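Enquirer: Below you'll find protein.cif; it's mmCIF, C-alpha atoms and all ligand atoms.
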```cif
data_coords
loop_
_atom_site.group_PDB
_atom_site.id
_atom_site.type_symbol
_atom_site.label_atom_id
_atom_site.label_comp_id
_atom_site.auth_asym_id
_atom_site.auth_seq_id
_atom_site.Cartn_x
_atom_site.Cartn_y
_atom_site.Cartn_z
ATOM 1 C CA MET F 1 16.221 30.327 22.607
ATOM 2 C CA GLY F 2 15.606 31.842 19.147
ATOM 3 C CA LYS F 3 17.840 30.602 16.359
ATOM 4 C CA GLN F 4 19.583 28.106 18.630
ATOM 5 C CA VAL F 5 16.444 25.956 18.361
ATOM 6 C CA ILE F 6 15.926 23.179 15.829
ATOM 7 C CA SER F 7 12.218 22.431 15.423
ATOM 8 C CA ILE F 8 11.031 19.107 14.074
ATOM 9 C CA ASP F 9 7.638 17.818 12.986
ATOM 10 C CA LYS F 10 6.697 14.936 10.710
ATOM 11 C CA ASN F 11 4.177 17.220 9.015
ATOM 12 C CA LYS F 12 5.910 19.701 6.682
ATOM 13 C CA ARG F 13 2.951 22.106 6.671
ATOM 14 C CA GLU F 14 3.073 22.526 10.453
ATOM 15 C CA LEU F 15 6.674 23.718 10.153
ATOM 16 C CA GLU F 16 5.913 25.998 7.200
ATOM 17 C CA GLU F 17 3.133 27.659 9.193
ATOM 18 C CA ALA F 18 5.280 28.217 12.290
ATOM 19 C CA PRO F 19 6.225 31.921 12.464
ATOM 20 C CA SER F 20 9.709 31.524 14.002
ATOM 21 C CA ASP F 21 12.802 31.760 11.776
ATOM 22 C CA ASN F 22 14.923 29.037 13.389
ATOM 23 C CA LEU F 23 16.000 25.853 11.572
ATOM 24 C CA LYS F 24 13.049 23.515 10.917
ATOM 25 C CA ILE F 25 13.404 19.931 9.733
ATOM 26 C CA VAL F 26 10.744 17.424 8.690
ATOM 27 C CA MET F 27 11.488 14.439 10.906
ATOM 28 C CA ASP F 28 9.724 11.654 12.756
ATOM 29 C CA ALA F 29 10.296 11.920 16.500
ATOM 30 C CA THR F 30 10.533 8.119 16.761
ATOM 31 C CA ASP F 31 13.596 8.132 14.491
ATOM 32 C CA LEU F 32 15.566 11.309 15.201
ATOM 33 C CA GLN F 33 18.317 11.993 12.644
ATOM 34 C CA PHE F 34 20.709 13.442 15.226
ATOM 35 C CA LEU F 35 23.797 11.894 16.747
ATOM 36 C CA ASP F 36 23.770 10.633 20.337
ATOM 37 C CA GLU F 37 24.289 13.298 23.021
ATOM 38 C CA THR F 38 23.784 16.301 20.706
ATOM 39 C CA PHE F 39 21.488 18.615 22.703
ATOM 40 C CA GLY F 40 21.380 20.211 26.155
ATOM 41 C CA THR F 41 17.579 20.620 26.062
ATOM 42 C CA ALA F 42 14.667 19.028 24.233
ATOM 43 C CA ALA F 43 11.063 20.210 24.442
ATOM 44 C CA SER F 44 7.757 18.604 23.559
ATOM 45 C CA PHE F 45 4.768 20.964 23.503
ATOM 46 C CA TYR F 46 1.378 19.218 23.378
ATOM 47 C CA THR F 47 2.672 16.541 21.037
ATOM 48 C CA LEU F 48 2.848 13.251 22.986
ATOM 49 C CA MET F 49 -0.969 13.326 23.103
ATOM 50 C CA TYR F 50 -1.024 12.682 19.331
ATOM 51 C CA MET F 51 0.885 9.423 19.722
ATOM 52 C CA ASP F 52 -0.183 5.936 20.770
ATOM 53 C CA SER F 53 1.714 4.311 23.671
ATOM 54 C CA GLU F 54 4.320 2.579 21.520
ATOM 55 C CA THR F 55 5.071 5.775 19.600
ATOM 56 C CA LYS F 56 5.307 7.793 22.818
ATOM 57 C CA GLN F 57 7.841 5.377 24.325
ATOM 58 C CA LYS F 58 9.928 5.297 21.109
ATOM 59 C CA THR F 59 9.925 9.103 21.010
ATOM 60 C CA ILE F 60 10.940 9.448 24.660
ATOM 61 C CA ASN F 61 13.751 6.888 24.127
ATOM 62 C CA GLU F 62 14.968 8.861 21.118
ATOM 63 C CA VAL F 63 14.947 12.130 23.068
ATOM 64 C CA TYR F 64 16.988 10.413 25.786
ATOM 65 C CA ARG F 65 19.518 9.237 23.191
ATOM 66 C CA VAL F 66 20.081 12.668 21.591
ATOM 67 C CA LEU F 67 20.396 14.542 24.916
ATOM 68 C CA LYS F 68 23.758 15.083 26.566
ATOM 69 C CA PRO F 69 24.160 13.599 30.051
ATOM 70 C CA GLY F 70 22.572 16.114 32.449
ATOM 71 C CA GLY F 71 20.364 17.447 29.609
ATOM 72 C CA ASN F 72 16.735 18.443 30.180
ATOM 73 C CA PHE F 73 13.563 17.159 28.578
ATOM 74 C CA LEU F 74 10.673 19.624 29.004
ATOM 75 C CA ILE F 75 7.172 18.315 28.412
ATOM 76 C CA TRP F 76 3.964 20.323 28.260
ATOM 77 C CA GLY F 77 0.791 18.301 27.875
ATOM 78 C CA SER F 78 -2.646 17.329 28.984
ATOM 79 C CA GLU F 79 -4.289 14.185 30.238
ATOM 80 C CA ILE F 80 -6.579 12.734 27.553
ATOM 81 C CA PRO F 81 -9.506 10.387 28.177
ATOM 82 C CA GLY F 82 -9.363 7.098 26.269
ATOM 83 C CA GLU F 83 -13.067 6.936 25.482
ATOM 84 C CA LYS F 84 -15.503 9.199 23.640
ATOM 85 C CA PRO F 85 -18.429 10.440 25.750
ATOM 86 C CA ASN F 86 -20.755 9.541 22.819
ATOM 87 C CA ASP F 87 -20.603 8.659 19.099
ATOM 88 C CA LYS F 88 -21.213 12.240 17.929
ATOM 89 C CA VAL F 89 -17.886 13.405 19.372
ATOM 90 C CA GLU F 90 -14.763 12.829 17.271
ATOM 91 C CA PHE F 91 -12.133 14.933 19.049
ATOM 92 C CA TYR F 92 -11.134 15.981 22.520
ATOM 93 C CA VAL F 93 -10.219 19.682 22.480
ATOM 94 C CA VAL F 94 -7.532 21.151 24.704
ATOM 95 C CA PRO F 95 -7.976 24.947 24.880
ATOM 96 C CA LEU F 96 -4.793 26.859 25.653
ATOM 97 C CA GLN F 97 -3.831 30.361 26.676
ATOM 98 C CA VAL F 98 -0.051 30.596 26.347
ATOM 99 C CA LYS F 99 1.699 33.450 28.127
ATOM 100 C CA LEU F 100 5.013 34.301 26.461
ATOM 101 C CA PRO F 101 7.383 37.028 27.688
ATOM 102 C CA LYS F 102 6.078 39.588 25.175
ATOM 103 C CA LYS F 103 2.682 38.270 24.062
ATOM 104 C CA GLU F 104 -0.154 35.926 24.819
ATOM 105 C CA ILE F 105 -1.471 33.339 22.346
ATOM 106 C CA GLY F 106 -4.899 31.734 22.498
ATOM 107 C CA THR F 107 -5.181 28.406 20.690
ATOM 108 C CA GLY F 108 -6.685 24.954 20.958
ATOM 109 C CA TYR F 109 -5.587 21.470 19.931
ATOM 110 C CA GLY F 110 -8.036 18.778 18.854
ATOM 111 C CA VAL F 111 -6.933 15.204 19.450
ATOM 112 C CA LYS F 112 -8.403 11.749 19.100
ATOM 113 C CA PHE F 113 -9.294 9.950 22.306
ATOM 114 C CA ILE F 114 -5.866 8.330 22.790
ATOM 115 C CA PHE F 115 -5.582 7.821 26.542
ATOM 116 C CA GLN F 116 -2.706 9.430 28.380
ATOM 117 C CA ASP F 117 -2.217 10.549 31.957
ATOM 118 C CA LYS F 118 0.604 12.059 34.000
ATOM 119 C CA LYS F 119 1.551 8.723 35.564
ATOM 120 C CA MET F 120 1.943 7.087 32.137
ATOM 121 C CA ILE F 121 4.216 9.853 30.825
ATOM 122 C CA THR F 122 6.294 9.838 34.018
ATOM 123 C CA GLU F 123 6.729 6.056 33.924
ATOM 124 C CA MET F 124 7.713 6.083 30.246
ATOM 125 C CA CYS F 125 10.346 8.757 30.897
ATOM 126 C CA LYS F 126 11.719 6.839 33.877
ATOM 127 C CA LYS F 127 11.819 3.674 31.766
ATOM 128 C CA ALA F 128 13.935 5.532 29.203
ATOM 129 C CA GLY F 129 16.374 6.528 31.964
ATOM 130 C CA PHE F 130 15.152 10.016 32.879
ATOM 131 C CA GLU F 131 14.823 11.357 36.405
ATOM 132 C CA LEU F 132 11.920 13.691 37.263
ATOM 133 C CA HIS F 133 13.338 17.055 38.275
ATOM 134 C CA LEU F 134 10.275 19.344 38.415
ATOM 135 C CA LYS F 135 6.546 19.047 37.904
ATOM 136 C CA SER F 136 3.763 21.564 37.749
ATOM 137 C CA GLU F 137 0.155 20.470 37.393
ATOM 138 C CA LYS F 138 -3.177 22.219 37.032
ATOM 139 C CA ASP F 139 -6.289 20.097 36.548
ATOM 140 C CA SER F 140 -5.536 17.875 33.541
ATOM 141 C CA MET F 141 -2.617 20.015 32.303
ATOM 142 C CA PHE F 142 0.980 19.276 33.215
ATOM 143 C CA TYR F 143 4.515 20.532 32.767
ATOM 144 C CA PHE F 144 7.409 18.180 33.565
ATOM 145 C CA GLU F 145 11.151 18.663 33.541
ATOM 146 C CA PHE F 146 13.152 15.457 33.300
ATOM 147 C CA ILE F 147 16.920 15.104 33.465
ATOM 148 C CA LYS F 148 19.074 12.564 31.659
ATOM 149 C CA LYS F 149 21.100 10.870 34.361
HETATM 150 C C1 LIG F 201 -0.696 20.346 17.671
HETATM 151 S S1 LIG F 201 0.985 20.231 17.434
HETATM 152 C C2 LIG F 201 1.579 20.762 18.939
HETATM 153 C C3 LIG F 201 2.100 22.117 18.897
HETATM 154 C C4 LIG F 201 3.495 22.292 18.322
HETATM 155 N N1 LIG F 201 4.438 21.382 18.944
HETATM 156 C C5 LIG F 201 3.929 23.717 18.600
HETATM 157 O O1 LIG F 201 4.809 23.913 19.435
HETATM 158 O O2 LIG F 201 3.332 24.628 18.015
HETATM 159 C C6 LIG F 201 1.396 18.511 17.502
HETATM 160 C C7 LIG F 201 2.317 18.135 16.398
HETATM 161 O O3 LIG F 201 2.881 16.850 16.660
HETATM 162 C C8 LIG F 201 3.258 16.347 15.412
HETATM 163 N N2 LIG F 201 3.606 14.929 15.542
HETATM 164 C C9 LIG F 201 2.794 13.912 15.917
HETATM 165 N N3 LIG F 201 3.470 12.743 15.895
HETATM 166 C C10 LIG F 201 4.740 13.042 15.520
HETATM 167 C C11 LIG F 201 5.917 12.266 15.302
HETATM 168 N N4 LIG F 201 5.926 10.922 15.468
HETATM 169 N N5 LIG F 201 7.039 12.899 14.913
HETATM 170 C C12 LIG F 201 7.056 14.242 14.715
HETATM 171 N N6 LIG F 201 5.973 15.033 14.900
HETATM 172 C C13 LIG F 201 4.827 14.437 15.291
HETATM 173 C C14 LIG F 201 2.036 16.603 14.546
HETATM 174 O O4 LIG F 201 2.358 16.588 13.179
HETATM 175 C C15 LIG F 201 1.618 18.001 15.040
HETATM 176 O O5 LIG F 201 2.075 19.017 14.216
#
```
Using the file provided, produce a representation of the structure as structure tokens.

Expert:
Amino acid sequence: MGKQVISIDKNKRELEEAPSDNLKIVMDATDLQFLDETFGTAASFYTLMYMDSETKQKTINEVYRVLKPGGNFLIWGSEIPGEKPNDKVEFYVVPLQVKLPKKEIGTGYGVKFIFQDKKMITEMCKKAGFELHLKSEKDSMFYFEFIKK
């Protein structure tokens, strides 16, 4: 969606490093500085896995608030185990190969062992008021589309 997008992250450096030239604002997802019913679509790309349960629910509630009725919430993510396999391991790494219309990006995200699964994310979204519209799953990876009723 190019320049129509507003990207947010609580970490300024993440936004500075992002190559796109759309509007970027340093903001905490649990306290969005947008009016109610502002956007038609919101997207979360491998970000809920960095949040504990309380933070995830607050974020999802905030996304619900800033979406227009009928708006979509798109979530890409991965299930994360809650326990380390042993003491030598600090991070769980999610390797990704992202196919975009004109290029392919290989990357990987390292996260702490903060448990999340598909059921948890789905229930949190339903609790906020969302309805599940579409889901696509492969192994531990998932893509969900929720709609604000
Ligand atoms: C690894 S990145 C995911 C990829 C990124 N969304 C992208 O599209 O390139 C996860 C990001 O979530 C951000 N994050 C975690 N908790 C957040 C919060 N409460 N509010 C805003 N951003 C948050 C982190 O700062 C980190 O940059």

Enquirer: Tell me which protein, DNA and RNA residues are within 12 Å of region 124-139 of chain F, counting all atoms listed in the file, leaving out same-chain ones fewer than 4 positions away, and put them as a PyMOL selection string.

Expert: chain F and resi 48+53-65+67-80+94+116-120+143-149

Enquirer: Compile the contact shell of Gly110 (chain F) as a list in words: residues with an atom at most 6 Å away, counting only C-alpha atoms, same-chain residues fewer than 3 positions apart removed.

Expert: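 The contact residues come out as Phe91, Tyr92 and Val93 of chain F.
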
Enquirer: For the selection you just gave me, I'd like the residues written to a file as a CSV table (one decimal), in the coordinates of the input, keeping C-alpha atoms.

Expert:
```csv
chain,number,residue,atom,x,y,z
F,91,PHE,CA,-12.1,14.9,19.0
F,92,TYR,CA,-11.1,16.0,22.5
F,93,VAL,CA,-10.2,19.7,22.5
```

Enquirer: List all protein, DNA and RNA residues that have any atom at most 6 Å from ligand LIG 201 (chain F), counting all atoms listed in the file, and write the list as a ChimeraX atom specification.

Expert: /F:9-11,14,27-30,45-47,50-51,109

Enquirer: Counting all atoms listed in the file, find the residues whose atoms lie at most 12 Å from (9.2, 27.4, 9.0) (file coordinates) and write them out as a list of chain:residue names.

Expert: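 Those residues lying close to the given coordinates are F:Lys3, F:Val5, F:Ile6, F:Ser7, F:Ile8, F:Asp9, F:Asn11, F:Lys12, F:Arg13, F:Glu14, F:Leu15, F:Glu16, F:Glu17, F:Ala18, F:Pro19, F:Ser20, F:Asp21, F:Asn22, F:Leu23, F:Lys24, F:Ile25, F:Val26.
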
Enquirer: Between CA of Val111 (chain F) and CA of Ser140 (chain F), what distance in Å does the model show, to one decimal?

Expert: 14.4 Å

Enquirer: Just want the 6 Å neighbourhood of Phe113 (chain F), counted on only C-alpha atoms, with same-chain residues fewer than 3 positions away dropped. Output as a PyMOL selection string.

Expert: chain F and resi 81-83

Enquirer: Put those residues in a file: C-alpha atoms, as a PDB file, in the coordinates of the input.

Expert:
```pdb
ATOM      1  CA  PRO F  81      -9.506  10.387  28.177  1.00  0.00           C
ATOM      2  CA  GLY F  82      -9.363   7.098  26.269  1.00  0.00           C
ATOM      3  CA  GLU F  83     -13.067   6.936  25.482  1.00  0.00           C
TER       4      GLU F  83
END
```

Enquirer: Got a sec: who's within 6 Å of Leu96 (chain F), counting all atoms listed in the file, leaving out chain neighbours fewer than 6 positions off, as number ranges by chain?

Expert: F: 106-108

Enquirer: To one decimal in Å, tell me the separation between CA of Ile121 (chain F) and CA of Met49 (chain F).

Expert: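 For CA of Ile121 (chain F) relative to CA of Met49 (chain F), the distance reads 9.9 Å.
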
Enquirer: What gap, in Å, lies between CA of Val89 (chain F) and CA of Lys112 (chain F)?

Expert: 9.6 Å

Enquirer: If I only have part of region 96-130 of chain F, can you fill in N, CA and C atoms and write it as a PDB file, in the frame of the given file?

Expert:
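What ended up in selection31.pdb:
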```pdb
ATOM      1  N   LEU F  96      -6.020  26.368  25.017  1.00  0.00           N
ATOM      2  CA  LEU F  96      -4.793  26.859  25.653  1.00  0.00           C
ATOM      3  C   LEU F  96      -4.671  28.370  25.580  1.00  0.00           C
ATOM      4  N   GLN F  97      -4.193  28.954  26.645  1.00  0.00           N
ATOM      5  CA  GLN F  97      -3.831  30.361  26.676  1.00  0.00           C
ATOM      6  C   GLN F  97      -2.353  30.379  27.062  1.00  0.00           C
ATOM      7  N   VAL F  98      -1.490  30.701  26.094  1.00  0.00           N
ATOM      8  CA  VAL F  98      -0.051  30.596  26.347  1.00  0.00           C
ATOM      9  C   VAL F  98       0.540  31.976  26.601  1.00  0.00           C
ATOM     10  N   LYS F  99       1.100  32.154  27.791  1.00  0.00           N
ATOM     11  CA  LYS F  99       1.699  33.450  28.127  1.00  0.00           C
ATOM     12  C   LYS F  99       3.193  33.418  27.827  1.00  0.00           C
ATOM     13  N   LEU F 100       3.599  34.190  26.827  1.00  0.00           N
ATOM     14  CA  LEU F 100       5.013  34.301  26.461  1.00  0.00           C
ATOM     15  C   LEU F 100       5.545  35.602  27.061  1.00  0.00           C
ATOM     16  N   PRO F 101       6.863  35.801  27.080  1.00  0.00           N
ATOM     17  CA  PRO F 101       7.383  37.028  27.688  1.00  0.00           C
ATOM     18  C   PRO F 101       6.771  38.315  27.110  1.00  0.00           C
ATOM     19  N   LYS F 102       6.553  38.336  25.766  1.00  0.00           N
ATOM     20  CA  LYS F 102       6.078  39.588  25.175  1.00  0.00           C
ATOM     21  C   LYS F 102       4.672  39.532  24.598  1.00  0.00           C
ATOM     22  N   LYS F 103       4.063  38.344  24.594  1.00  0.00           N
ATOM     23  CA  LYS F 103       2.682  38.270  24.062  1.00  0.00           C
ATOM     24  C   LYS F 103       1.950  37.050  24.631  1.00  0.00           C
ATOM     25  N   GLU F 104       0.667  37.033  24.354  1.00  0.00           N
ATOM     26  CA  GLU F 104      -0.154  35.926  24.819  1.00  0.00           C
ATOM     27  C   GLU F 104      -0.853  35.318  23.601  1.00  0.00           C
ATOM     28  N   ILE F 105      -0.867  33.994  23.507  1.00  0.00           N
ATOM     29  CA  ILE F 105      -1.471  33.339  22.346  1.00  0.00           C
ATOM     30  C   ILE F 105      -2.619  32.445  22.824  1.00  0.00           C
ATOM     31  N   GLY F 106      -3.770  32.614  22.207  1.00  0.00           N
ATOM     32  CA  GLY F 106      -4.899  31.734  22.498  1.00  0.00           C
ATOM     33  C   GLY F 106      -5.010  30.713  21.384  1.00  0.00           C
ATOM     34  N   THR F 107      -5.071  29.435  21.722  1.00  0.00           N
ATOM     35  CA  THR F 107      -5.181  28.406  20.690  1.00  0.00           C
ATOM     36  C   THR F 107      -5.904  27.188  21.277  1.00  0.00           C
ATOM     37  N   GLY F 108      -6.065  26.182  20.472  1.00  0.00           N
ATOM     38  CA  GLY F 108      -6.685  24.954  20.958  1.00  0.00           C
ATOM     39  C   GLY F 108      -6.237  23.804  20.089  1.00  0.00           C
ATOM     40  N   TYR F 109      -6.010  22.645  20.687  1.00  0.00           N
ATOM     41  CA  TYR F 109      -5.587  21.470  19.931  1.00  0.00           C
ATOM     42  C   TYR F 109      -6.664  20.394  20.032  1.00  0.00           C
ATOM     43  N   GLY F 110      -7.065  19.873  18.883  1.00  0.00           N
ATOM     44  CA  GLY F 110      -8.036  18.778  18.854  1.00  0.00           C
ATOM     45  C   GLY F 110      -7.308  17.460  18.674  1.00  0.00           C
ATOM     46  N   VAL F 111      -7.601  16.519  19.545  1.00  0.00           N
ATOM     47  CA  VAL F 111      -6.933  15.204  19.450  1.00  0.00           C
ATOM     48  C   VAL F 111      -7.954  14.085  19.511  1.00  0.00           C
ATOM     49  N   LYS F 112      -7.545  12.930  18.978  1.00  0.00           N
ATOM     50  CA  LYS F 112      -8.403  11.749  19.100  1.00  0.00           C
ATOM     51  C   LYS F 112      -8.336  11.257  20.542  1.00  0.00           C
ATOM     52  N   PHE F 113      -9.243  10.416  20.915  1.00  0.00           N
ATOM     53  CA  PHE F 113      -9.294   9.950  22.306  1.00  0.00           C
ATOM     54  C   PHE F 113      -8.242   8.854  22.542  1.00  0.00           C
ATOM     55  N   ILE F 114      -6.974   9.261  22.522  1.00  0.00           N
ATOM     56  CA  ILE F 114      -5.866   8.330  22.790  1.00  0.00           C
ATOM     57  C   ILE F 114      -5.469   8.569  24.247  1.00  0.00           C
ATOM     58  N   PHE F 115      -5.776   7.617  25.107  1.00  0.00           N
ATOM     59  CA  PHE F 115      -5.582   7.821  26.542  1.00  0.00           C
ATOM     60  C   PHE F 115      -4.137   8.180  26.889  1.00  0.00           C
ATOM     61  N   GLN F 116      -3.997   9.207  27.714  1.00  0.00           N
ATOM     62  CA  GLN F 116      -2.706   9.430  28.380  1.00  0.00           C
ATOM     63  C   GLN F 116      -2.963  10.136  29.711  1.00  0.00           C
ATOM     64  N   ASP F 117      -2.158   9.800  30.699  1.00  0.00           N
ATOM     65  CA  ASP F 117      -2.217  10.549  31.957  1.00  0.00           C
ATOM     66  C   ASP F 117      -0.794  10.843  32.433  1.00  0.00           C
ATOM     67  N   LYS F 118      -0.711  11.603  33.518  1.00  0.00           N
ATOM     68  CA  LYS F 118       0.604  12.059  34.000  1.00  0.00           C
ATOM     69  C   LYS F 118       1.474  10.873  34.423  1.00  0.00           C
ATOM     70  N   LYS F 119       0.814   9.900  35.062  1.00  0.00           N
ATOM     71  CA  LYS F 119       1.551   8.723  35.564  1.00  0.00           C
ATOM     72  C   LYS F 119       2.208   7.968  34.397  1.00  0.00           C
ATOM     73  N   MET F 120       1.447   7.814  33.312  1.00  0.00           N
ATOM     74  CA  MET F 120       1.943   7.087  32.137  1.00  0.00           C
ATOM     75  C   MET F 120       3.179   7.783  31.545  1.00  0.00           C
ATOM     76  N   ILE F 121       3.089   9.099  31.406  1.00  0.00           N
ATOM     77  CA  ILE F 121       4.216   9.853  30.825  1.00  0.00           C
ATOM     78  C   ILE F 121       5.437   9.762  31.751  1.00  0.00           C
ATOM     79  N   THR F 122       5.192   9.901  33.049  1.00  0.00           N
ATOM     80  CA  THR F 122       6.294   9.838  34.018  1.00  0.00           C
ATOM     81  C   THR F 122       6.966   8.465  33.978  1.00  0.00           C
ATOM     82  N   GLU F 123       6.146   7.407  33.940  1.00  0.00           N
ATOM     83  CA  GLU F 123       6.729   6.056  33.924  1.00  0.00           C
ATOM     84  C   GLU F 123       7.514   5.795  32.643  1.00  0.00           C
ATOM     85  N   MET F 124       7.001   6.285  31.526  1.00  0.00           N
ATOM     86  CA  MET F 124       7.713   6.083  30.246  1.00  0.00           C
ATOM     87  C   MET F 124       9.068   6.799  30.264  1.00  0.00           C
ATOM     88  N   CYS F 125       9.084   8.000  30.834  1.00  0.00           N
ATOM     89  CA  CYS F 125      10.346   8.757  30.897  1.00  0.00           C
ATOM     90  C   CYS F 125      11.330   8.060  31.830  1.00  0.00           C
ATOM     91  N   LYS F 126      10.832   7.548  32.945  1.00  0.00           N
ATOM     92  CA  LYS F 126      11.719   6.839  33.877  1.00  0.00           C
ATOM     93  C   LYS F 126      12.258   5.565  33.231  1.00  0.00           C
ATOM     94  N   LYS F 127      11.396   4.901  32.467  1.00  0.00           N
ATOM     95  CA  LYS F 127      11.819   3.674  31.766  1.00  0.00           C
ATOM     96  C   LYS F 127      12.954   3.970  30.785  1.00  0.00           C
ATOM     97  N   ALA F 128      12.886   5.145  30.164  1.00  0.00           N
ATOM     98  CA  ALA F 128      13.935   5.532  29.203  1.00  0.00           C
ATOM     99  C   ALA F 128      15.245   5.880  29.910  1.00  0.00           C
ATOM    100  N   GLY F 129      15.158   6.176  31.217  1.00  0.00           N
ATOM    101  CA  GLY F 129      16.374   6.528  31.964  1.00  0.00           C
ATOM    102  C   GLY F 129      16.345   7.915  32.585  1.00  0.00           C
ATOM    103  N   PHE F 130      15.245   8.646  32.348  1.00  0.00           N
ATOM    104  CA  PHE F 130      15.152  10.016  32.879  1.00  0.00           C
ATOM    105  C   PHE F 130      14.821  10.011  34.375  1.00  0.00           C
TER     106      PHE F 130
END
```
